[in-house]
$ cat data32.cif   # mmCIF, C-alpha atoms and all ligand atoms
data_input
loop_
_atom_site.label_atom_id
_atom_site.label_comp_id
_atom_site.auth_asym_id
_atom_site.auth_seq_id
_atom_site.Cartn_x
_atom_site.Cartn_y
_atom_site.Cartn_z
CA MET G 20 -6.25 -24.63 6.73
CA ILE G 21 -2.73 -25.53 5.68
CA THR G 22 -1.04 -22.69 3.87
CA LYS G 23 1.37 -23.73 1.16
CA ILE G 24 4.47 -21.54 0.91
CA ILE G 25 6.21 -21.41 -2.46
CA LYS G 26 9.68 -19.85 -2.52
CA LEU G 27 10.61 -18.33 -5.86
CA SER G 28 13.08 -16.00 -7.42
CA GLU G 29 11.50 -13.39 -9.69
CA LYS G 30 14.51 -13.58 -11.99
CA SER G 31 14.71 -17.32 -12.48
CA PHE G 32 11.40 -19.03 -11.61
CA LYS G 33 9.83 -21.56 -13.97
CA ILE G 34 6.12 -21.50 -14.83
CA ASP G 35 5.79 -25.02 -13.37
CA GLU G 36 6.67 -23.64 -9.97
CA ILE G 37 3.54 -21.46 -9.84
CA LYS G 38 1.20 -24.22 -10.99
CA ILE G 39 -0.32 -24.75 -7.54
CA ALA G 40 -0.91 -21.02 -7.18
CA VAL G 41 -2.57 -20.85 -10.60
CA GLU G 42 -4.85 -23.80 -9.79
CA THR G 43 -5.74 -22.18 -6.48
CA ILE G 44 -6.89 -18.98 -8.23
CA ILE G 45 -8.85 -20.96 -10.83
CA ASN G 46 -10.52 -23.03 -8.10
CA GLY G 47 -11.61 -19.98 -6.11
CA GLY G 48 -8.85 -19.97 -3.48
CA LEU G 49 -6.68 -17.16 -2.15
CA VAL G 50 -3.04 -16.58 -3.08
CA ALA G 51 -0.68 -14.01 -1.58
CA PHE G 52 1.74 -12.90 -4.26
CA PRO G 53 4.56 -10.37 -4.63
CA THR G 54 4.22 -7.17 -6.65
CA GLU G 55 6.75 -4.35 -7.01
CA THR G 56 4.88 -2.31 -4.37
CA VAL G 57 3.72 -4.65 -1.56
CA TYR G 58 2.40 -8.23 -1.40
CA GLY G 59 -1.18 -8.66 -2.61
CA LEU G 60 -3.87 -11.10 -1.48
CA GLY G 61 -5.45 -12.27 -4.70
CA ALA G 62 -8.57 -14.04 -5.91
CA ASN G 63 -10.25 -14.50 -9.27
CA ALA G 64 -11.97 -11.12 -9.73
CA PHE G 65 -14.94 -12.80 -11.43
CA ASN G 66 -15.56 -15.27 -8.59
CA ILE G 67 -17.87 -13.57 -6.08
CA GLU G 68 -17.33 -16.10 -3.28
CA ALA G 69 -13.57 -15.98 -3.65
CA VAL G 70 -13.57 -12.18 -3.51
CA GLU G 71 -15.84 -12.26 -0.45
CA LYS G 72 -13.30 -14.50 1.28
CA ILE G 73 -10.68 -11.77 0.95
CA TYR G 74 -12.81 -9.40 3.04
CA GLU G 75 -13.27 -12.12 5.63
CA VAL G 76 -9.67 -13.19 6.12
CA LYS G 77 -8.41 -9.62 6.20
CA GLY G 78 -11.21 -8.40 8.45
CA ARG G 79 -11.64 -5.62 5.92
CA PRO G 80 -14.71 -3.35 5.96
CA LYS G 81 -17.04 -4.27 3.10
CA ASP G 82 -17.10 -0.76 1.62
CA ASN G 83 -13.37 -0.69 0.86
CA PRO G 84 -12.88 -2.17 -2.62
CA PHE G 85 -9.88 -3.88 -4.20
CA ILE G 86 -7.64 -3.19 -7.12
CA VAL G 87 -8.15 -5.48 -10.10
CA HIS G 88 -4.77 -6.62 -11.41
CA ILE G 89 -4.18 -7.41 -15.07
CA ALA G 90 -1.20 -8.61 -17.10
CA ASP G 91 -2.17 -7.25 -20.50
CA LYS G 92 -3.20 -3.64 -21.23
CA LYS G 93 -5.89 -4.92 -23.58
CA ASP G 94 -7.84 -6.29 -20.63
CA VAL G 95 -8.78 -2.75 -19.57
CA SER G 96 -11.32 -2.63 -22.37
CA LYS G 97 -13.12 -5.62 -20.87
CA LEU G 98 -13.22 -4.24 -17.32
CA ALA G 99 -13.83 -0.53 -18.04
CA SER G 100 -16.82 0.83 -19.92
CA GLU G 101 -14.85 3.85 -21.15
CA ILE G 102 -11.13 4.49 -21.65
CA PRO G 103 -10.31 8.22 -21.65
CA VAL G 104 -7.40 9.42 -23.83
CA LYS G 105 -5.62 10.49 -20.64
CA ALA G 106 -5.71 6.90 -19.43
CA GLU G 107 -4.14 5.68 -22.62
CA ARG G 108 -1.27 8.14 -22.22
CA LEU G 109 -0.69 7.09 -18.63
CA MET G 110 -0.88 3.38 -19.38
CA LYS G 111 1.65 3.80 -22.15
CA LYS G 112 4.09 5.61 -19.90
CA PHE G 113 3.64 3.96 -16.49
CA TRP G 114 2.31 0.41 -17.04
CA PRO G 115 3.40 -2.05 -15.95
CA GLY G 116 4.04 -0.11 -12.76
CA PRO G 117 2.77 1.26 -9.45
CA LEU G 118 -0.13 3.29 -10.85
CA THR G 119 -3.78 2.33 -10.29
CA LEU G 120 -6.36 4.01 -12.52
CA ILE G 121 -10.05 4.41 -11.70
CA PHE G 122 -12.43 3.87 -14.63
CA LYS G 123 -16.19 3.58 -15.03
CA LYS G 124 -16.73 -0.14 -14.67
CA SER G 125 -18.17 -2.52 -17.21
CA LYS G 126 -20.92 -5.04 -16.44
CA VAL G 127 -18.53 -8.00 -16.20
CA VAL G 128 -16.95 -6.69 -12.99
CA PRO G 129 -18.89 -8.06 -10.01
CA ASP G 130 -20.07 -5.47 -7.45
CA VAL G 131 -18.26 -7.26 -4.66
CA ALA G 132 -14.88 -6.42 -6.23
CA THR G 133 -15.69 -2.71 -6.28
CA ALA G 134 -17.72 -2.54 -3.05
CA GLY G 135 -20.78 -1.58 -5.07
CA LEU G 136 -19.15 1.47 -6.70
CA ASP G 137 -19.80 2.10 -10.39
CA THR G 138 -16.06 2.51 -10.88
CA VAL G 139 -13.26 -0.03 -10.97
CA ALA G 140 -9.61 0.34 -9.94
CA ILE G 141 -7.20 -1.33 -12.38
CA ARG G 142 -3.45 -1.84 -12.28
CA MET G 143 -0.84 -3.78 -14.21
CA PRO G 144 1.90 -4.75 -11.75
CA ASP G 145 5.57 -4.68 -12.73
CA ASN G 146 6.51 -8.07 -11.31
CA LYS G 147 7.13 -11.19 -13.37
CA ILE G 148 5.61 -13.56 -10.81
CA ALA G 149 2.45 -11.46 -10.48
CA SER G 150 2.01 -11.18 -14.20
CA ALA G 151 2.65 -14.91 -14.81
CA LEU G 152 0.07 -15.75 -12.14
CA ILE G 153 -2.53 -13.53 -13.83
CA LYS G 154 -1.70 -14.78 -17.33
CA GLU G 155 -1.72 -18.46 -16.42
CA SER G 156 -4.95 -18.14 -14.41
CA LYS G 157 -6.52 -16.40 -17.44
CA VAL G 158 -8.56 -14.08 -15.20
CA PRO G 159 -7.96 -10.67 -13.67
CA ILE G 160 -6.96 -10.93 -10.02
CA ALA G 161 -8.69 -8.77 -7.42
CA ALA G 162 -6.26 -8.00 -4.63
CA PRO G 163 -5.81 -5.67 -1.70
CA SER G 164 -2.56 -5.74 0.27
CA ALA G 165 -1.94 -9.09 1.98
CA ASN G 166 -2.12 -7.87 5.59
CA LEU G 167 -4.79 -7.92 8.27
CA ALA G 168 -6.97 -4.81 7.99
CA GLY G 169 -5.35 -1.82 9.68
CA LYS G 170 -1.85 -3.33 9.79
CA PRO G 171 1.08 -2.06 7.73
CA SER G 172 1.16 -3.50 4.22
CA PRO G 173 3.52 -6.48 3.83
CA THR G 174 6.81 -5.78 2.11
CA SER G 175 8.11 -9.34 2.56
CA ALA G 176 6.54 -12.79 2.70
CA GLU G 177 7.43 -13.00 6.39
CA HIS G 178 4.94 -10.18 7.05
CA VAL G 179 2.25 -12.06 5.11
CA ILE G 180 3.00 -15.24 7.08
CA ASN G 181 2.67 -13.35 10.37
CA ASP G 182 -0.76 -11.99 9.41
CA LEU G 183 -2.36 -14.69 7.27
CA TYR G 184 -0.68 -18.09 7.74
CA GLY G 185 -3.36 -20.76 8.17
CA LYS G 186 -6.05 -18.49 6.72
CA ILE G 187 -5.21 -18.57 3.01
CA ASP G 188 -4.24 -21.30 0.53
CA VAL G 189 -0.91 -20.16 -0.87
CA ILE G 190 1.81 -17.64 -0.13
CA ILE G 191 4.40 -17.00 -2.85
CA ASP G 192 7.64 -15.86 -1.22
CA SER G 193 10.06 -13.95 -3.40
CA GLY G 194 11.71 -11.86 -0.71
CA LYS G 195 11.43 -8.12 -0.25
CA THR G 196 9.37 -5.90 -2.52
CA ARG G 197 11.18 -3.23 -4.53
CA ILE G 198 9.11 -0.12 -3.81
CA GLY G 199 7.62 -0.73 -0.38
CA VAL G 200 4.59 1.60 -0.49
CA GLU G 201 1.37 0.90 -2.36
CA SER G 202 0.48 2.11 -5.84
CA THR G 203 -0.63 5.64 -6.63
CA VAL G 204 -4.41 5.76 -7.14
CA LEU G 205 -5.68 8.25 -9.74
CA ASP G 206 -9.36 8.83 -10.52
CA LEU G 207 -9.88 9.51 -14.21
CA THR G 208 -13.65 9.88 -13.96
CA THR G 209 -13.28 13.50 -12.72
CA HIS G 210 -12.05 16.62 -14.55
CA PRO G 211 -9.27 17.31 -13.84
CA PRO G 212 -8.27 13.82 -12.63
CA THR G 213 -8.09 13.40 -8.84
CA LEU G 214 -5.19 11.91 -6.92
CA LEU G 215 -6.82 9.67 -4.31
CA ARG G 216 -3.72 8.02 -2.88
CA PRO G 217 -0.09 9.03 -3.39
CA GLY G 218 2.21 6.07 -4.03
CA GLY G 219 4.90 4.54 -6.19
CA ILE G 220 4.42 6.96 -9.14
CA THR G 221 4.86 10.56 -8.01
CA LEU G 222 2.44 13.46 -8.49
CA GLU G 223 5.19 15.27 -10.43
CA GLU G 224 5.50 12.34 -12.85
CA LEU G 225 1.73 12.27 -13.40
CA GLU G 226 1.55 16.03 -13.93
CA SER G 227 4.32 15.88 -16.50
CA VAL G 228 1.96 13.80 -18.62
CA LEU G 229 -1.46 15.22 -17.70
CA GLY G 230 -0.94 18.78 -16.51
CA LYS G 231 -2.88 19.84 -13.43
CA ILE G 232 -4.20 17.15 -11.10
CA LYS G 233 -6.57 17.75 -8.19
CA LEU G 234 -5.46 16.41 -4.82
CA HIS G 235 -8.15 14.78 -2.76
CA PRO G 236 -7.92 16.39 0.72
CA VAL G 237 -6.98 13.06 2.25
CA VAL G 238 -3.77 12.89 0.20
CA LYS G 239 -2.05 15.45 2.37
CA ALA G 240 -3.63 13.81 5.37
CA GLU G 241 -3.81 17.08 7.25
CA ARG G 242 -6.60 15.79 9.44
CA GLU G 243 -8.93 12.89 9.75
CA ILE G 244 -11.84 12.98 7.35
CA ARG G 245 -14.53 10.79 8.77
CA LYS G 246 -17.60 11.01 6.66
CA ILE G 247 -16.27 10.28 3.25
CA THR G 248 -18.31 8.22 0.89
CA ALA G 249 -16.10 5.39 -0.24
CA LYS G 250 -15.05 7.38 -3.27
CA SER G 251 -11.59 6.43 -2.38
CA PRO G 252 -11.36 3.65 0.04
CA GLY G 253 -8.36 3.48 2.16
CA MET G 254 -9.23 7.07 3.03
CA LYS G 255 -11.71 6.31 5.71
CA TYR G 256 -9.86 3.97 7.94
CA ARG G 257 -6.84 4.12 10.20
CA HIS G 258 -4.37 2.30 8.12
CA TYR G 259 -0.85 1.07 7.79
CA ALA G 260 -0.58 1.26 11.53
CA PRO G 261 1.80 -0.33 14.00
CA GLU G 262 0.49 -1.42 17.42
CA ALA G 263 2.49 1.26 19.20
CA ASP G 264 1.33 4.87 19.33
CA LEU G 265 2.96 6.82 16.54
CA ILE G 266 3.81 10.51 16.58
CA VAL G 267 5.11 12.38 13.54
CA VAL G 268 7.18 15.50 14.11
CA GLU G 269 7.63 17.89 11.21
CA GLY G 270 9.49 21.16 10.79
CA LYS G 271 13.08 22.38 10.45
CA GLU G 272 15.69 19.72 11.20
CA ARG G 273 17.09 21.25 14.38
CA ALA G 274 13.67 22.05 15.82
CA VAL G 275 12.49 18.52 15.00
CA ARG G 276 15.46 16.96 16.81
CA ARG G 277 14.92 19.12 19.86
CA LYS G 278 11.19 18.37 19.98
CA ILE G 279 11.72 14.65 19.56
CA GLN G 280 14.29 14.47 22.36
CA GLU G 281 11.87 16.40 24.59
CA LEU G 282 9.11 13.90 23.82
CA VAL G 283 11.43 10.94 24.42
CA ASN G 284 12.39 12.29 27.83
CA GLU G 285 8.75 12.74 28.75
CA TYR G 286 7.76 9.21 27.71
CA LYS G 287 10.80 7.70 29.38
CA SER G 288 9.85 9.34 32.64
CA GLU G 289 6.53 7.50 32.27
CA LYS G 290 8.51 4.25 31.85
CA LYS G 291 7.49 3.84 28.24
CA LYS G 292 9.72 2.18 25.67
CA VAL G 293 10.32 4.67 22.87
CA GLY G 294 11.45 3.98 19.30
CA ILE G 295 12.56 6.61 16.84
CA ILE G 296 12.46 6.59 13.06
CA THR G 297 15.19 8.89 11.83
CA ILE G 298 16.16 9.95 8.34
CA SER G 299 19.12 12.00 9.55
CA LYS G 300 20.97 9.35 11.61
CA HIS G 301 20.76 11.73 14.55
CA ASP G 302 21.90 10.07 17.75
CA TYR G 303 18.95 10.53 20.08
CA ASP G 304 19.07 9.39 23.68
CA SER G 305 16.33 6.76 23.29
CA ASP G 306 15.67 3.00 23.67
CA VAL G 307 15.66 2.11 19.97
CA ILE G 308 16.60 4.20 16.95
CA LYS G 309 15.97 2.99 13.43
CA PHE G 310 17.47 4.66 10.39
CA ALA G 311 14.93 4.56 7.55
CA GLY G 312 17.32 5.84 4.89
CA LYS G 313 18.47 9.20 3.59
CA ASP G 314 16.74 9.33 0.22
CA LEU G 315 12.98 9.10 -0.23
CA THR G 316 13.07 5.90 -2.30
CA THR G 317 14.94 4.05 0.45
CA ILE G 318 12.69 5.43 3.20
CA ALA G 319 9.58 4.26 1.28
CA LYS G 320 11.09 0.80 0.93
CA ASN G 321 11.88 0.49 4.65
CA LEU G 322 8.94 2.20 6.36
CA PHE G 323 6.42 -0.64 6.79
CA ARG G 324 9.13 -3.13 7.78
CA ILE G 325 10.26 -0.74 10.51
CA PHE G 326 6.69 -0.40 11.83
CA ARG G 327 6.48 -4.18 12.14
CA GLU G 328 9.91 -4.46 13.76
CA PHE G 329 8.94 -1.95 16.43
CA ASP G 330 5.85 -4.03 17.21
CA LYS G 331 8.02 -7.14 17.64
CA GLU G 332 10.31 -5.23 19.95
CA ARG G 333 7.30 -4.14 22.00
CA VAL G 334 7.96 -0.45 21.73
CA ASN G 335 5.13 1.61 23.29
CA VAL G 336 5.64 4.84 21.40
CA ILE G 337 7.21 5.48 18.01
CA ILE G 338 8.33 8.98 17.09
CA ALA G 339 9.11 9.66 13.44
CA GLU G 340 10.95 12.54 11.83
CA GLY G 341 8.78 13.98 9.05
CA VAL G 342 10.01 14.12 5.45
CA LYS G 343 9.56 16.73 2.72
CA THR G 344 6.46 16.14 0.62
CA SER G 345 7.94 16.32 -2.88
CA GLY G 346 8.36 13.18 -5.01
CA MET G 347 7.93 9.97 -3.02
CA GLY G 348 7.80 12.14 0.11
CA LEU G 349 4.09 12.77 -0.46
CA ALA G 350 3.33 9.04 -0.17
CA ILE G 351 5.66 8.60 2.82
CA MET G 352 4.09 11.48 4.79
CA ASN G 353 0.61 10.25 3.85
CA ARG G 354 1.37 6.81 5.31
CA LEU G 355 3.08 8.23 8.38
CA LYS G 356 0.24 10.62 9.15
CA LYS G 357 -2.48 8.04 8.59
CA ALA G 358 -0.64 5.45 10.63
CA SER G 359 -0.31 7.98 13.45
CA GLY G 360 -4.05 8.64 13.41
CA TYR G 361 -3.12 12.24 12.43
CA ASN G 362 -0.98 12.64 15.49
CA VAL G 363 1.31 15.24 13.95
CA ILE G 364 3.37 17.79 15.86
CA LYS G 365 4.83 20.85 14.18
CA ALA G 366 8.19 21.60 15.79
P1 LIG G 401 -5.13 -1.78 -0.69
O1 LIG G 401 -4.78 -2.67 -1.83
O2 LIG G 401 -5.44 -2.49 0.56
O3 LIG G 401 -4.09 -0.74 -0.49
O4 LIG G 401 -6.46 -1.04 -1.10
C1 LIG G 401 -6.85 -0.85 -2.41
C2 LIG G 401 -7.03 0.61 -2.70
O5 LIG G 401 -7.59 0.73 -4.00
C3 LIG G 401 -8.01 1.31 -1.82
O6 LIG G 401 -7.42 1.85 -0.69
C4 LIG G 401 -8.55 2.40 -2.75
O7 LIG G 401 -7.84 3.61 -2.56
C5 LIG G 401 -8.34 1.91 -4.14
N1 LIG G 401 -9.60 1.60 -4.87
C6 LIG G 401 -10.06 0.39 -5.21
N2 LIG G 401 -11.20 0.49 -5.94
C7 LIG G 401 -11.48 1.79 -6.04
C8 LIG G 401 -12.52 2.53 -6.70
N3 LIG G 401 -13.49 1.93 -7.40
N4 LIG G 401 -12.51 3.88 -6.59
C9 LIG G 401 -11.51 4.49 -5.90
N5 LIG G 401 -10.48 3.86 -5.30
C10 LIG G 401 -10.46 2.52 -5.36
MG MG G 402 -4.01 -2.19 2.16
#

$ encode --input "data32.cif" --output "structure tokens" --more "lines below"
Ligand code: AMP
Ligand code: MG
Amino acid sequence: MITKIIKLSEKSFKIDEIKIAVETIINGGLVAFPTETVYGLGANAFNIEAVEKIYEVKGRPKDNPFIVHIADKKDVSKLASEIPVKAERLMKKFWPGPLTLIFKKSKVVPDVATAGLDTVAIRMPDNKIASALIKESKVPIAAPSANLAGKPSPTSAEHVINDLYGKIDVIIDSGKTRIGVESTVLDLTTHPPTLLRPGGITLEELESVLGKIKLHPVVKAEREIRKITAKSPGMKYRHYAPEADLIVVEGKERAVRRKIQELVNEYKSEKKKVGIITISKHDYDSDVIKFAGKDLTTIAKNLFRIFREFDKERVNVIIAEGVKTSGMGLAIMNRLKKASGYNVIKA
């Protein structure tokens, strides 16, 4: 298959320029498109064959459903059978934005888009290209992240090209994404609501609107939880992962630095190429050191790109300094721990 790449600027694109992408969605094809979080791989949510193709090209397990993307809040009433008051408050405050809400699904949503669950995940992305694509196609767009299953989510079109070129119809390239980690997933079918995946909207922000929220155990990613029913997908699988082994070291700054240098020395004596992800700009004696940023927002934006860069540079082992788990830190640590396969050392 020949993949068409369309380069666009979110600020100044014309509707004409996304015409091919719109036709592709309408005709049952697959389009990778930018959102404010990561790139998505989209299909018409009502077209069963098109949605099935997403699983195929990603190599994604069939019990891990997608998020249905909309461009108008009113569309929730078509896709969900019930809209709790809490959902209305959240939609008002955070949509469009990086918050996915889980509702009881209505009959119009095909089972394939929700992996057979009786719930549906809905989000309204805060990206002009994404919302124009949805509006012009006149259908909701089912989309997971536009990477091969298990790989880090794509935060630029280059990452999508590396994973999916030749396998999908269209890739819309509008450069780097603004947030860099996926949306927060909140289940509103439980009381209190349950945080299933930390992401672009923080737990603190959600609690300021809703009061207490339950954390699903997988959010803190303290350990691997194997036998989870696909209540929240994404929980069951090793995810976001670079090729190299990843180790996360958490604790007080000085202890972390000491531990990491110790580990580096060990691996180097085994002739392994070691890469370090630092948030403190500490000058380790190591092959490659990458500075992810000082503040949590910047670290979130850079993390997946750094994973992919280390793979290109053929690093064997990546060691990452842990971050504090407040604000965006909860999402960052969740991705780091999951990507490491729960290989976490307390210094
Ligand atoms: P991805 O876009 O690849 O990050 O994956 C989509 C995410 O949406 C999954 O990891 C799930 O956490 C979430 N999701 C989609 N549908 C549902 C659902 N019906 N119930 C709970 N979570 C869902
Ligand atoms: Mg994904």

$ residues_near_ligand --input "data32.cif" --ligand "ligand MG 402 (chain G)" --cutoff "6 Å" --atoms "only C-alpha atoms and all ligand atoms" --output "NGL selection string"
:G and (163-164 or 172)

$ closest_residue --input "data32.cif" --among "G:Asn63, G:Thr138, G:Thr22, G:Ser31" --to "ligand LIG 401 (chain G)" --atoms "all atoms listed in the file"
G:Thr138

$ residues_near_point --input "data32.cif" --point "(11.3, 17.9, 15.4)" --cutoff "10 Å" --atoms "all atoms listed in the file" --output "list of chain:residue names"
G:Val267, G:Val268, G:Glu269, G:Gly270, G:Lys271, G:Glu272, G:Arg273, G:Ala274, G:Val275, G:Arg276, G:Arg277, G:Lys278, G:Ile279, G:Gln280, G:Glu281, G:Leu282, G:Ile338, G:Ala339, G:Glu340, G:Gly341, G:Ile364, G:Lys365, G:Ala366

$ atom_distance --input "data32.cif" --atom1 "CA of Ile67 in chain G" --atom2 "CA of Val158 in chain G"
13.0 Å

$ residues_near_ligand --input "data32.cif" --ligand "ligand LIG 401 (chain G)" --cutoff "8 Å" --atoms "all atoms listed in the file" --output "PyMOL selection string"
chain G and resi 59+83-87+119+121-122+132-134+136-141+162-165+168+172+201-202+204-206+215-216+249-254

$ atom_distance --input "data32.cif" --atom1 "CA of Thr344 in chain G" --atom2 "CA of Ala311 in chain G"
15.9 Å

$ closest_residue --input "data32.cif" --among "G:Asn284, G:Ser299, G:Ser345, G:Thr174" --to "Asp192 in chain G" --atoms "only C-alpha atoms"
G:Thr174
